[in-house]
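Here's coords22.cif, which has mmCIF, C-alpha atoms:
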data_data
loop_
_atom_site.group_PDB
_atom_site.id
_atom_site.type_symbol
_atom_site.label_atom_id
_atom_site.label_comp_id
_atom_site.auth_asym_id
_atom_site.auth_seq_id
_atom_site.Cartn_x
_atom_site.Cartn_y
_atom_site.Cartn_z
ATOM 1 C CA MET A 145 -20.346 -15.238 44.493
ATOM 2 C CA THR A 146 -22.428 -18.308 43.670
ATOM 3 C CA VAL A 147 -22.140 -17.955 39.883
ATOM 4 C CA LYS A 148 -19.088 -19.312 38.066
ATOM 5 C CA LEU A 149 -18.068 -17.995 34.673
ATOM 6 C CA SER A 150 -18.016 -20.642 31.977
ATOM 7 C CA LYS A 151 -15.501 -20.553 29.146
ATOM 8 C CA LYS A 152 -18.280 -19.428 26.792
ATOM 9 C CA GLU A 153 -19.305 -16.599 29.147
ATOM 10 C CA ILE A 154 -15.719 -15.421 29.504
ATOM 11 C CA GLU A 155 -15.532 -15.215 25.715
ATOM 12 C CA LYS A 156 -18.970 -13.592 25.361
ATOM 13 C CA PHE A 157 -18.336 -10.858 27.925
ATOM 14 C CA SER A 158 -14.602 -10.509 27.319
ATOM 15 C CA ARG A 159 -14.813 -6.842 26.299
ATOM 16 C CA GLN A 160 -16.410 -6.037 29.668
ATOM 17 C CA ILE A 161 -14.247 -8.346 31.744
ATOM 18 C CA ILE A 162 -11.080 -6.781 30.342
ATOM 19 C CA LEU A 163 -12.047 -3.408 31.882
ATOM 20 C CA LYS A 164 -10.095 -2.959 35.105
ATOM 21 C CA ASN A 165 -13.217 -1.601 36.857
ATOM 22 C CA ILE A 166 -15.138 -4.794 36.085
ATOM 23 C CA GLY A 167 -13.023 -7.929 35.675
ATOM 24 C CA ALA A 168 -14.307 -11.435 36.420
ATOM 25 C CA LEU A 169 -15.589 -10.394 39.858
ATOM 26 C CA GLY A 170 -17.642 -7.559 38.378
ATOM 27 C CA GLN A 171 -19.066 -9.821 35.706
ATOM 28 C CA LYS A 172 -20.172 -12.227 38.412
ATOM 29 C CA LYS A 173 -21.958 -9.345 40.159
ATOM 30 C CA ILE A 174 -23.816 -8.628 36.912
ATOM 31 C CA LEU A 175 -24.735 -12.297 36.461
ATOM 32 C CA ASN A 176 -26.063 -12.427 40.043
ATOM 33 C CA SER A 177 -28.237 -9.303 39.723
ATOM 34 C CA LYS A 178 -32.017 -9.214 39.471
ATOM 35 C CA VAL A 179 -33.621 -6.210 37.759
ATOM 36 C CA LEU A 180 -37.290 -5.296 37.331
ATOM 37 C CA ILE A 181 -38.196 -3.007 34.410
ATOM 38 C CA VAL A 182 -41.608 -1.324 34.602
ATOM 39 C CA GLY A 183 -42.790 -0.269 31.152
ATOM 40 C CA MET A 184 -41.511 -1.837 27.921
ATOM 41 C CA GLY A 185 -41.721 1.218 25.683
ATOM 42 C CA GLY A 186 -39.144 3.672 24.379
ATOM 43 C CA LEU A 187 -37.107 3.542 27.586
ATOM 44 C CA GLY A 188 -37.731 -0.023 28.715
ATOM 45 C CA CYS A 189 -36.670 -1.587 25.404
ATOM 46 C CA PRO A 190 -33.072 -0.270 25.336
ATOM 47 C CA VAL A 191 -32.742 -0.818 29.091
ATOM 48 C CA ALA A 192 -33.789 -4.466 28.751
ATOM 49 C CA GLU A 193 -31.703 -5.027 25.628
ATOM 50 C CA PHE A 194 -28.424 -3.643 26.984
ATOM 51 C CA LEU A 195 -28.834 -5.223 30.410
ATOM 52 C CA THR A 196 -29.411 -8.567 28.685
ATOM 53 C CA ARG A 197 -26.349 -8.022 26.492
ATOM 54 C CA SER A 198 -24.315 -7.227 29.620
ATOM 55 C CA GLY A 199 -25.245 -10.587 31.150
ATOM 56 C CA ILE A 200 -27.772 -9.665 33.871
ATOM 57 C CA GLY A 201 -28.915 -12.902 35.509
ATOM 58 C CA THR A 202 -32.642 -12.174 35.930
ATOM 59 C CA ILE A 203 -34.824 -9.511 34.348
ATOM 60 C CA GLY A 204 -38.502 -8.960 35.092
ATOM 61 C CA ILE A 205 -40.516 -6.933 32.568
ATOM 62 C CA ILE A 206 -43.923 -5.420 33.309
ATOM 63 C CA ASP A 207 -46.297 -4.020 30.667
ATOM 64 C CA HIS A 208 -49.938 -4.730 29.876
ATOM 65 C CA ASP A 209 -49.964 -3.042 26.448
ATOM 66 C CA ILE A 210 -49.876 -4.447 22.949
ATOM 67 C CA ILE A 211 -47.586 -3.163 20.174
ATOM 68 C CA ASN A 212 -49.033 -0.601 17.774
ATOM 69 C CA ALA A 213 -47.610 1.117 14.715
ATOM 70 C CA SER A 214 -46.725 4.351 16.540
ATOM 71 C CA ASN A 215 -44.423 2.420 18.925
ATOM 72 C CA ILE A 216 -41.985 1.110 16.354
ATOM 73 C CA HIS A 217 -40.023 4.307 15.631
ATOM 74 C CA ARG A 218 -38.607 4.376 19.172
ATOM 75 C CA GLN A 219 -39.264 1.002 20.837
ATOM 76 C CA SER A 220 -36.250 -0.875 19.576
ATOM 77 C CA LEU A 221 -37.235 -4.479 20.372
ATOM 78 C CA TYR A 222 -40.286 -4.428 18.070
ATOM 79 C CA ASP A 223 -40.971 -4.387 14.329
ATOM 80 C CA GLU A 224 -44.031 -4.542 12.089
ATOM 81 C CA ARG A 225 -44.274 -8.319 12.417
ATOM 82 C CA ASP A 226 -45.066 -7.763 16.105
ATOM 83 C CA LEU A 227 -48.122 -5.503 15.725
ATOM 84 C CA ASN A 228 -51.028 -6.314 18.073
ATOM 85 C CA LYS A 229 -48.914 -8.689 20.162
ATOM 86 C CA LEU A 230 -48.192 -8.284 23.870
ATOM 87 C CA LYS A 231 -45.047 -6.242 24.408
ATOM 88 C CA VAL A 232 -43.716 -8.441 27.200
ATOM 89 C CA LYS A 233 -44.068 -11.655 25.200
ATOM 90 C CA VAL A 234 -42.347 -10.236 22.120
ATOM 91 C CA ALA A 235 -39.603 -8.672 24.258
ATOM 92 C CA GLN A 236 -39.032 -11.920 26.158
ATOM 93 C CA LYS A 237 -38.501 -13.860 22.925
ATOM 94 C CA LYS A 238 -36.065 -11.302 21.501
ATOM 95 C CA LEU A 239 -34.125 -10.965 24.747
ATOM 96 C CA LYS A 240 -33.742 -14.743 24.962
ATOM 97 C CA ASN A 241 -32.286 -14.699 21.434
ATOM 98 C CA ILE A 242 -29.717 -12.139 22.600
ATOM 99 C CA ASN A 243 -28.718 -14.035 25.747
ATOM 100 C CA PRO A 244 -30.370 -17.398 26.484
ATOM 101 C CA LYS A 245 -28.738 -17.453 29.939
ATOM 102 C CA THR A 246 -30.672 -14.369 31.133
ATOM 103 C CA LYS A 247 -33.886 -15.410 32.857
ATOM 104 C CA VAL A 248 -36.698 -13.154 31.616
ATOM 105 C CA ASN A 249 -39.873 -13.079 33.730
ATOM 106 C CA THR A 250 -42.930 -11.445 32.152
ATOM 107 C CA PHE A 251 -45.854 -9.694 33.843
ATOM 108 C CA ALA A 252 -48.634 -8.675 31.443
ATOM 109 C CA VAL A 253 -50.261 -6.523 34.116
ATOM 110 C CA LYS A 254 -50.432 -2.912 35.202
ATOM 111 C CA LEU A 255 -48.393 -2.473 38.379
ATOM 112 C CA ASN A 256 -50.564 -1.411 41.321
ATOM 113 C CA ASN A 257 -50.664 -1.523 45.109
ATOM 114 C CA THR A 258 -52.337 -4.940 45.042
ATOM 115 C CA ASN A 259 -49.828 -6.863 42.908
ATOM 116 C CA SER A 260 -46.672 -4.844 43.537
ATOM 117 C CA ASP A 261 -45.273 -6.359 46.733
ATOM 118 C CA GLN A 262 -45.386 -9.885 45.368
ATOM 119 C CA ILE A 263 -43.479 -8.800 42.237
ATOM 120 C CA ILE A 264 -41.010 -6.222 43.550
ATOM 121 C CA LYS A 265 -39.727 -8.255 46.485
ATOM 122 C CA ASN A 266 -37.912 -10.650 44.129
ATOM 123 C CA TYR A 267 -35.706 -7.971 42.534
ATOM 124 C CA ASP A 268 -32.719 -5.932 43.739
ATOM 125 C CA TYR A 269 -33.099 -3.012 41.341
ATOM 126 C CA ILE A 270 -36.106 -1.269 39.778
ATOM 127 C CA VAL A 271 -36.054 0.638 36.474
ATOM 128 C CA ASP A 272 -38.918 3.035 35.702
ATOM 129 C CA GLY A 273 -39.596 3.223 31.974
ATOM 130 C CA THR A 274 -43.193 4.450 32.230
ATOM 131 C CA ASP A 275 -44.589 7.488 30.424
ATOM 132 C CA ASN A 276 -46.887 9.157 32.969
ATOM 133 C CA PHE A 277 -46.462 10.675 36.403
ATOM 134 C CA LYS A 278 -49.190 8.642 38.088
ATOM 135 C CA SER A 279 -47.176 5.495 37.362
ATOM 136 C CA LYS A 280 -43.863 7.176 38.206
ATOM 137 C CA PHE A 281 -45.064 8.295 41.635
ATOM 138 C CA LEU A 282 -46.458 4.808 42.313
ATOM 139 C CA ILE A 283 -43.143 3.145 41.370
ATOM 140 C CA ASN A 284 -41.294 5.703 43.494
ATOM 141 C CA ASP A 285 -43.495 4.962 46.516
ATOM 142 C CA LEU A 286 -43.293 1.179 46.078
ATOM 143 C CA SER A 287 -39.504 1.267 45.699
ATOM 144 C CA LEU A 288 -39.262 3.466 48.794
ATOM 145 C CA LYS A 289 -41.500 1.095 50.758
ATOM 146 C CA ASN A 290 -39.428 -1.934 49.729
ATOM 147 C CA LYS A 291 -36.042 -0.152 50.143
ATOM 148 C CA LYS A 292 -34.955 -0.747 46.544
ATOM 149 C CA ILE A 293 -32.556 1.099 44.241
ATOM 150 C CA LEU A 294 -34.601 2.879 41.557
ATOM 151 C CA ILE A 295 -33.436 4.278 38.205
ATOM 152 C CA THR A 296 -36.073 6.607 36.729
ATOM 153 C CA GLY A 297 -36.197 8.055 33.220
ATOM 154 C CA ALA A 298 -38.538 10.537 31.557
ATOM 155 C CA ILE A 299 -38.566 11.768 27.948
ATOM 156 C CA SER A 300 -40.369 14.264 25.726
ATOM 157 C CA LYS A 301 -39.547 16.024 22.444
ATOM 158 C CA PHE A 302 -35.728 16.249 22.499
ATOM 159 C CA ASP A 303 -35.394 16.182 26.292
ATOM 160 C CA GLY A 304 -34.729 13.606 28.974
ATOM 161 C CA HIS A 305 -34.450 13.342 32.755
ATOM 162 C CA ILE A 306 -32.568 10.556 34.570
ATOM 163 C CA PHE A 307 -32.584 9.930 38.333
ATOM 164 C CA THR A 308 -31.036 7.364 40.663
ATOM 165 C CA PHE A 309 -32.653 6.819 44.066
ATOM 166 C CA ASN A 310 -31.119 4.602 46.736
ATOM 167 C CA PHE A 311 -33.959 3.917 49.139
ATOM 168 C CA LYS A 312 -31.707 1.821 51.330
ATOM 169 C CA ASN A 313 -30.396 5.188 52.511
ATOM 170 C CA LYS A 314 -33.076 6.968 54.562
ATOM 171 C CA LYS A 315 -31.372 10.336 54.061
ATOM 172 C CA ASP A 316 -31.812 10.319 50.268
ATOM 173 C CA PRO A 317 -34.604 12.293 48.527
ATOM 174 C CA CYS A 318 -37.221 10.707 46.245
ATOM 175 C CA LEU A 319 -38.996 11.613 43.011
ATOM 176 C CA ARG A 320 -41.635 13.601 44.901
ATOM 177 C CA CYS A 321 -38.910 15.866 46.266
ATOM 178 C CA PHE A 322 -38.249 17.071 42.698
ATOM 179 C CA TYR A 323 -41.657 16.818 41.028
ATOM 180 C CA GLN A 324 -44.391 18.024 43.352
ATOM 181 C CA GLU A 325 -47.487 16.053 42.371
ATOM 182 C CA GLU A 326 -49.903 18.945 42.694
ATOM 183 C CA SER A 327 -47.857 21.170 40.367
ATOM 184 C CA ILE A 328 -47.486 18.888 37.320
ATOM 185 C CA SER A 329 -49.698 17.282 34.709
ATOM 186 C CA ASP A 330 -49.195 14.243 32.513
ATOM 187 C CA ASP A 331 -48.554 16.333 29.387
ATOM 188 C CA ILE A 332 -45.134 17.273 30.834
ATOM 189 C CA LEU A 333 -42.330 14.941 29.729
ATOM 190 C CA ASN A 334 -44.853 12.661 28.026
ATOM 191 C CA CYS A 335 -44.175 11.673 24.428
ATOM 192 C CA GLU A 336 -47.839 10.858 23.692
ATOM 193 C CA TYR A 337 -48.832 14.493 24.223
ATOM 194 C CA GLU A 338 -45.715 16.337 23.065
ATOM 195 C CA GLY A 339 -44.013 13.934 20.645
ATOM 196 C CA ILE A 340 -40.547 12.377 20.830
ATOM 197 C CA LEU A 341 -37.581 11.884 18.525
ATOM 198 C CA GLY A 342 -36.910 8.143 18.544
ATOM 199 C CA THR A 343 -33.194 8.501 19.190
ATOM 200 C CA VAL A 344 -33.884 10.450 22.393
ATOM 201 C CA ALA A 345 -35.673 7.422 23.869
ATOM 202 C CA GLY A 346 -32.767 5.183 22.883
ATOM 203 C CA ILE A 347 -30.153 7.497 24.396
ATOM 204 C CA VAL A 348 -31.977 8.025 27.697
ATOM 205 C CA GLY A 349 -32.866 4.332 28.048
ATOM 206 C CA THR A 350 -29.281 3.315 27.346
ATOM 207 C CA MET A 351 -28.067 5.809 29.943
ATOM 208 C CA GLN A 352 -30.482 4.316 32.481
ATOM 209 C CA ALA A 353 -28.956 0.894 31.787
ATOM 210 C CA ASN A 354 -25.484 2.406 32.158
ATOM 211 C CA GLU A 355 -26.348 3.992 35.517
ATOM 212 C CA LEU A 356 -27.772 0.694 36.740
ATOM 213 C CA LEU A 357 -24.666 -1.274 35.761
ATOM 214 C CA LYS A 358 -22.516 1.288 37.586
ATOM 215 C CA LYS A 359 -24.649 0.784 40.714
ATOM 216 C CA ILE A 360 -24.322 -2.992 40.475
ATOM 217 C CA LEU A 361 -20.550 -2.690 40.071
ATOM 218 C CA ASN A 362 -20.202 0.210 42.523
ATOM 219 C CA ILE A 363 -18.001 2.172 40.137
ATOM 220 C CA GLY A 364 -17.779 5.791 38.966
ATOM 221 C CA GLN A 365 -19.941 8.739 39.896
ATOM 222 C CA ASN A 366 -23.685 8.267 40.179
ATOM 223 C CA LEU A 367 -26.886 10.308 40.203
ATOM 224 C CA GLU A 368 -27.919 9.687 43.802
ATOM 225 C CA CYS A 369 -29.485 12.900 45.162
ATOM 226 C CA SER A 370 -29.235 14.404 41.652
ATOM 227 C CA ILE A 371 -31.030 14.637 38.320
ATOM 228 C CA LEU A 372 -29.350 14.590 34.921
ATOM 229 C CA ILE A 373 -31.232 16.946 32.578
ATOM 230 C CA ILE A 374 -30.518 16.308 28.900
ATOM 231 C CA ASP A 375 -31.388 18.631 25.987
ATOM 232 C CA LEU A 376 -30.374 16.686 22.893
ATOM 233 C CA LEU A 377 -31.561 19.371 20.475
ATOM 234 C CA ASN A 378 -29.027 21.889 21.771
ATOM 235 C CA LEU A 379 -26.584 19.404 23.364
ATOM 236 C CA ASN A 380 -26.959 20.770 26.874
ATOM 237 C CA PHE A 381 -26.371 18.453 29.827
ATOM 238 C CA ARG A 382 -26.925 19.534 33.448
ATOM 239 C CA LYS A 383 -26.550 17.617 36.692
ATOM 240 C CA VAL A 384 -28.661 19.227 39.415
ATOM 241 C CA LYS A 385 -28.681 18.350 43.110
ATOM 242 C CA ILE A 386 -32.040 17.334 44.640
ATOM 243 C CA ASN A 387 -32.699 18.241 48.250
ATOM 244 C CA LYS A 388 -34.999 16.228 50.459
ATOM 245 C CA ARG A 389 -38.275 18.103 50.759
ATOM 246 C CA LYS A 390 -39.877 18.658 54.146
ATOM 247 C CA LYS A 391 -43.162 16.791 54.671
ATOM 248 C CA CYS A 392 -42.423 14.524 51.696
ATOM 249 C CA LYS A 393 -43.437 10.845 51.977
ATOM 250 C CA CYS A 394 -39.761 9.889 52.091
ATOM 251 C CA SER A 395 -39.051 12.107 55.133
#
Taking this structure as input, can you express it in the form of structure tokens?
Amino acid sequence: MTVKLSKKEIEKFSRQIILKNIGALGQKKILNSKVLIVGMGGLGCPVAEFLTRSGIGTIGIIDHDIINASNIHRQSLYDERDLNKLKVKVAQKKLKNINPKTKVNTFAVKLNNTNSDQIIKNYDYIVDGTDNFKSKFLINDLSLKNKKILITGAISKFDGHIFTFNFKNKKDPCLRCFYQEESISDDILNCEYEGILGTVAGIVGTMQANELLKKILNIGQNLECSILIIDLLNLNFRKVKINKRKKCKCS
């Protein structure tokens, strides 16, 4: 490990370091990690916040949108003073206030095939916090192409889906193996069409951050080759295995 823990960092992250599954070595792994978050909305905000609080060394945040009034009930980094400002710029400022040592790179662009390789190559882990399947499939394909670890979240109403894909392993399935593009529309698991309880976004986003930290630390059980389906209205949680689909792009 190239990073050394300062006395201040040992104090700041002491409640993590004291965990036998983490310790000083695990904290160094967190400090050395580079994470790219695509979408700074209801999922991206809690992901970015809790990863920053954990001590992640470098975070990249991508979003081309500005903050509007309907965002504030679930997008936890923003308030009414931030209306009409770029999400990534507001988020960067607030994340730096939480942990000045975390390097926060901003990209006020929409991720596409033209700009993606230049951005993604600099990060070890990708988090999908977008709210439509066109973007989700693109992030899936780009992460697959670049052999990255991808944590995907989707939310709507009182429901959430969380996936972990390890594209360093050629045998693992991808998002297209679960959602077949031709059989879905963007009003499924999309809060703009169906509505969302703000706490659902916070819970799912926080769980994405938790799954990512577990991957960095290589501890506990994970969601590789599985989906976690969450119904927070009725408190039902299901973990379902995903099989690799024949003739999928990841095959």
Q.
Once the PyMOL selection byres ((chain A and resi 266) around 12) has been evaluated on this model, what residues remain selected, and can you format them as a PyMOL selection string?
A. chain A and resi 177-180+202-204+249+260-265+267-270+290+292
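Here atom CA of A:Lys390 stands at a distance of 12.2 Å from atom CA of A:Asp316.
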- [ ] Could you tell me which residues the PyMOL selection byres ((chain A and resi 256) around 12) returns for this structure, as a list in words?
- [x] Val182, Ile206, Asp207, His208, Val253, Lys254, Leu255, Asn257, Thr258, Asn259, Ser260, Asp261, Gln262, Ile263, Ile264, Lys278, Ser279, Lys280, Phe281, Leu282, Ile283, Asn284, Asp285 and Leu286 of chain A
- Out of A:Phe381, A:Asp272, A:Leu357, A:Lys393, which residue has the shortest atom-to-atom distance to A:Gln160 when counting all atoms listed in the file?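 Of A:Phe381, A:Asp272, A:Leu357, A:Lys393, the one nearest A:Gln160 is A:Leu357, counting all atoms listed in the file.
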Find the residue from A:Thr196, A:Gln324, A:Asn276, A:Ser370 that sits nearest to A:Asn241; use all atoms listed in the file when measuring.
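That would be A:Thr196, the residue with the smallest distance to A:Asn241.
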Take the PyMOL selection byres ((chain A and resi 347-354) around 9), apply it to the structure above, and return the hits as a PyMOL selection string. chain A and resi 186-195+271+273+295-299+303-308+342-346+355-359+374
Atoms kept (C-alpha atoms) for selection, written as a PDB file, in the coordinates of the input:
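What ended up in selection.pdb:
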ATOM      1  CA  GLY A 186     -39.144   3.672  24.379  1.00  0.00           C
ATOM      2  CA  LEU A 187     -37.107   3.542  27.586  1.00  0.00           C
ATOM      3  CA  GLY A 188     -37.731  -0.023  28.715  1.00  0.00           C
ATOM      4  CA  CYS A 189     -36.670  -1.587  25.404  1.00  0.00           C
ATOM      5  CA  PRO A 190     -33.072  -0.270  25.336  1.00  0.00           C
ATOM      6  CA  VAL A 191     -32.742  -0.818  29.091  1.00  0.00           C
ATOM      7  CA  ALA A 192     -33.789  -4.466  28.751  1.00  0.00           C
ATOM      8  CA  GLU A 193     -31.703  -5.027  25.628  1.00  0.00           C
ATOM      9  CA  PHE A 194     -28.424  -3.643  26.984  1.00  0.00           C
ATOM     10  CA  LEU A 195     -28.834  -5.223  30.410  1.00  0.00           C
ATOM     11  CA  VAL A 271     -36.054   0.638  36.474  1.00  0.00           C
ATOM     12  CA  GLY A 273     -39.596   3.223  31.974  1.00  0.00           C
ATOM     13  CA  ILE A 295     -33.436   4.278  38.205  1.00  0.00           C
ATOM     14  CA  THR A 296     -36.073   6.607  36.729  1.00  0.00           C
ATOM     15  CA  GLY A 297     -36.197   8.055  33.220  1.00  0.00           C
ATOM     16  CA  ALA A 298     -38.538  10.537  31.557  1.00  0.00           C
ATOM     17  CA  ILE A 299     -38.566  11.768  27.948  1.00  0.00           C
ATOM     18  CA  ASP A 303     -35.394  16.182  26.292  1.00  0.00           C
ATOM     19  CA  GLY A 304     -34.729  13.606  28.974  1.00  0.00           C
ATOM     20  CA  HIS A 305     -34.450  13.342  32.755  1.00  0.00           C
ATOM     21  CA  ILE A 306     -32.568  10.556  34.570  1.00  0.00           C
ATOM     22  CA  PHE A 307     -32.584   9.930  38.333  1.00  0.00           C
ATOM     23  CA  THR A 308     -31.036   7.364  40.663  1.00  0.00           C
ATOM     24  CA  GLY A 342     -36.910   8.143  18.544  1.00  0.00           C
ATOM     25  CA  THR A 343     -33.194   8.501  19.190  1.00  0.00           C
ATOM     26  CA  VAL A 344     -33.884  10.450  22.393  1.00  0.00           C
ATOM     27  CA  ALA A 345     -35.673   7.422  23.869  1.00  0.00           C
ATOM     28  CA  GLY A 346     -32.767   5.183  22.883  1.00  0.00           C
ATOM     29  CA  GLU A 355     -26.348   3.992  35.517  1.00  0.00           C
ATOM     30  CA  LEU A 356     -27.772   0.694  36.740  1.00  0.00           C
ATOM     31  CA  LEU A 357     -24.666  -1.274  35.761  1.00  0.00           C
ATOM     32  CA  LYS A 358     -22.516   1.288  37.586  1.00  0.00           C
ATOM     33  CA  LYS A 359     -24.649   0.784  40.714  1.00  0.00           C
ATOM     34  CA  ILE A 374     -30.518  16.308  28.900  1.00  0.00           C
TER      35      ILE A 374
END
With a distance cut-off of 10 Å and all atoms listed in the file, select the neighbouring residues of A:Asn165, excluding the residue or stretch itself and same-chain residues fewer than 5 positions from it, and output the selection as a PDB file with C-alpha atoms, in the frame of the given file.
ATOM      1  CA  GLN A 160     -16.410  -6.037  29.668  1.00  0.00           C
ATOM      2  CA  GLY A 170     -17.642  -7.559  38.378  1.00  0.00           C
ATOM      3  CA  LYS A 358     -22.516   1.288  37.586  1.00  0.00           C
ATOM      4  CA  LEU A 361     -20.550  -2.690  40.071  1.00  0.00           C
ATOM      5  CA  ASN A 362     -20.202   0.210  42.523  1.00  0.00           C
ATOM      6  CA  ILE A 363     -18.001   2.172  40.137  1.00  0.00           C
ATOM      7  CA  GLY A 364     -17.779   5.791  38.966  1.00  0.00           C
TER       8      GLY A 364
END
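Computed from the coordinates, the atom CA of A:Cys394 to atom CA of A:Cys321 distance equals 8.4 Å.
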Exercise. Check the smallest atom-to-atom distance from each of A:Asn380, A:Gln219, A:Gln236, A:Asn243 to A:Gly201 using only C-alpha atoms, then report the winner.
Key: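 Of the candidates, the smallest distance to A:Gly201 is held by A:Asn243.
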- What is the atom CA of A:Ile210 to atom CA of A:Gly183 distance in Å?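 Interatomic distance, atom CA of A:Ile210 to atom CA of A:Gly183: 11.6 Å.
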Cut-off 12 Å: closest stretch 220-278 of chain A/stretch 147-156 of chain A atom pairs per residue, using all atoms listed in the file, as a tab-separated table:
residue	atom	partner	partner_atom	distance
A:Ile242	CA	A:Lys156	CA	11.2
A:Asn243	CA	A:Lys156	CA	9.8
A:Pro244	CA	A:Glu153	CA	11.4
A:Lys245	CA	A:Glu153	CA	9.5
A:Thr246	CA	A:Glu153	CA	11.8
Save the residues we just selected, C-alpha atoms, as a tab-separated table (two decimals), in the coordinates of the input?
chain	number	residue	atom	x	y	z
A	242	ILE	CA	-29.72	-12.14	22.60
A	243	ASN	CA	-28.72	-14.04	25.75
A	244	PRO	CA	-30.37	-17.40	26.48
A	245	LYS	CA	-28.74	-17.45	29.94
A	246	THR	CA	-30.67	-14.37	31.13
Shortest interatomic distance to A:Leu221 - which of A:Lys247, A:Lys238, A:Arg389, A:Lys233, counting all atoms listed in the file: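 The shortest atom-to-atom distance to A:Leu221 comes from A:Lys238.
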